[in-house]
Amino acid sequence: MAIIEISNLKKSFGKLDVLKQITFDVNKNDVIAVIGPSGSGKSTMLRSLVHLEEINAGSITIAGEAFVKDGVYAKPQEIKKITSKMGMVFQHFNLFPHLTVKENLELPPKLVKNEPVAAIQQRSTELLRKIGLSGHANAYPANLSGGQKQRVAIARALMMNPEILLFDEPTSALDPELTGEVLEVIKALAQEQMTMIVVTHEMGFAREVANRVIFMDNGEIIETGHPSEFFTNPQNERTKAFLSRSLK
Amino acid sequence: MTLDYFTSILVPMLEGAQMTVLLFFIAIIVSIPLGFLLTLAVKSSLKPLSLLAQGYIYIMRGTPLLLQLLLICFGLPMLPVVGEYLVLDRFVAACLGFVLNYAAYFAEIFRGGLLAIDKGQYEASQVLGLSKWQTTTRIILPQMFRVTLPAIANESVTLVKDTALLYAVAVPELLHYAQTAVNRDFTIVPFFVAGMIYLVMTLVLTFIFKGIEQKYKFE
């Protein structure tokens with residue numbers, strides 16, 4: 001059963017149509033890589049799933065509940081409840097610079113979740129161990145490398161126990177030698193069957209980890225398929241052109 | 001010039017300095033929160049409120065503080081009908097003037113501080129499920145405070161020196177006693193003593209703010 005159903009998403013900034021009729025489903029445990037040239041609408045599509053962008057038409061259904069149906073949004077409380085099933089990891093991490101790593105992880109659930117503090121602390125300790133940053137619990141983000149920051153950001157998203165994790169170009173702001181450590185964490189999550197949508201330029205990663213690749217260009221989904229098919233035998237001319245440029 | 005003379009002018013001047021310090025604390029403690037409320041008003045989606053706040057800031061920053069003080073102390077009581085109810089104690093009137101004026105400056109400082117905060121901070125807060133209030137108080141304000149600390153420190157030093165304007169509305173303070181001693185004793189020593197006292201006050205203030213900055217370095 002589909003955990004996310006996206007149908008006929010449309011969004012425009014003034015006269016520019018950023019998303020035109022985007023429709024696709026995400027099943028539980030899917031790892032979907034969304035690729036495409038800059039300005040193709042990948043990020044806008046992803047951001048609209050957590051209501052960081054308002055769409056103009058279409059429906060988004062999360063675990064059976066629509067927070068926007070035919071372009072009409074539900075009440076704010078309802079939207080909040082439905083979108084809270086998703087966590088998001090940003091290109092620029094967006095860690096809270098005035099909080100330590102541990103506080104970054106623990107403050108949001110303390111404020112939002114009705115949960116004993118001990119349980120929250122236990123989870124943050126576990127997650128820090130998992131991302132290999134136990135020794136940095138009391139460090140401030142300013143003292144971490146980009147790769148470390150992004151790992152903390154992933155852990156912070158996981159603290160809310162999301163059913164789905166969205167990644168918006170999680171390695172694009174990193175030095176090339178730091179992308180590996182972040183991709184490793186995402187891979188580990190894939191092995192634990194976390195449902196994820198990853199907007200990425202890392203073709204090798206998409207090929208290795210995703211079970212479906214979506215290629216977007218100019219606000220449309222041009223082609224979608226299993227990575228083994230998609231990368232070796234692309235059907236559409238635009239996909240071929242894009243891949244030949246990116247895989248050089 | 002003896003030590004006795006020195007003490008004899010220092011004691012009243014230090015008493016005057018108490019007035020300076022008192023005014024400083026009242027102005028800082030009231031104008032900072034008021035300034036922040038003004039910032040919120042400027043950023044409000046209620047257009048009339050925003051325009052009103054912007055107009056207020058423009059007037060307060062666009063006219064001399066001395067003019068504002070004179071207006072409050074001597075001008076208001078001259079108003080027809082309501083004037084007689086507006087005769088305030090000089091010191092109270094001066095505090096009012098400083099608070100109203102400095103709130104406008106702090107509002108601009110805070111507005112700048114808010115502009116410096118990345119929109120990703122709001123986005124992350126939203127996706128993590130924080131309410132608007134939680135985002136403002138737990139995420140945005142602490143960062144704004146950090147960003148604006150140097151500007152607040154600067155403004156505070158200016159405030160210490162601006163307290164000398166009390167002289168113009170005849171509230172006895174540090175400078176008043178210095179001037180009195182100069183006229184009485186035909187010596188410029190009291191001016192230097194006054195200068196030293198101001199320097200000590202701003203030095204202490206500078207150290208305090210350096211300490212706060214160090215504490216909130218987030219590194």
# chains A, B, ... in the order shown; residues from 1 in each chain; ligands from 1
>>> interface_residues(of="chain B", to="chain A", cutoff="6 Å", atoms="only C-alpha atoms", output="ChimeraX atom specification")
/B:120-121,218-219
>>> closest_residue(among="B:Phe91, B:Phe186, B:Phe192, B:Tyr198", to="B:Pro172", atoms="only C-alpha atoms")
B:Phe91
>>> closest_residue(among="B:Arg138, B:Lys132, B:Arg90, B:Lys43", to="B:Glu108", atoms="only C-alpha atoms")
B:Lys43
>>> select_by_dssp(residues="stretch 51-190 of chain A", states="helix (DSSP H, G or I)", output="number ranges by chain")
A: 76-83, 101-112, 117-130, 134-136, 141-143, 146-158, 176-190
>>> closest_residue(among="A:Arg151, A:Lys240, A:Lys20, A:Lys28", to="A:Met45", atoms="only C-alpha atoms")
A:Lys20
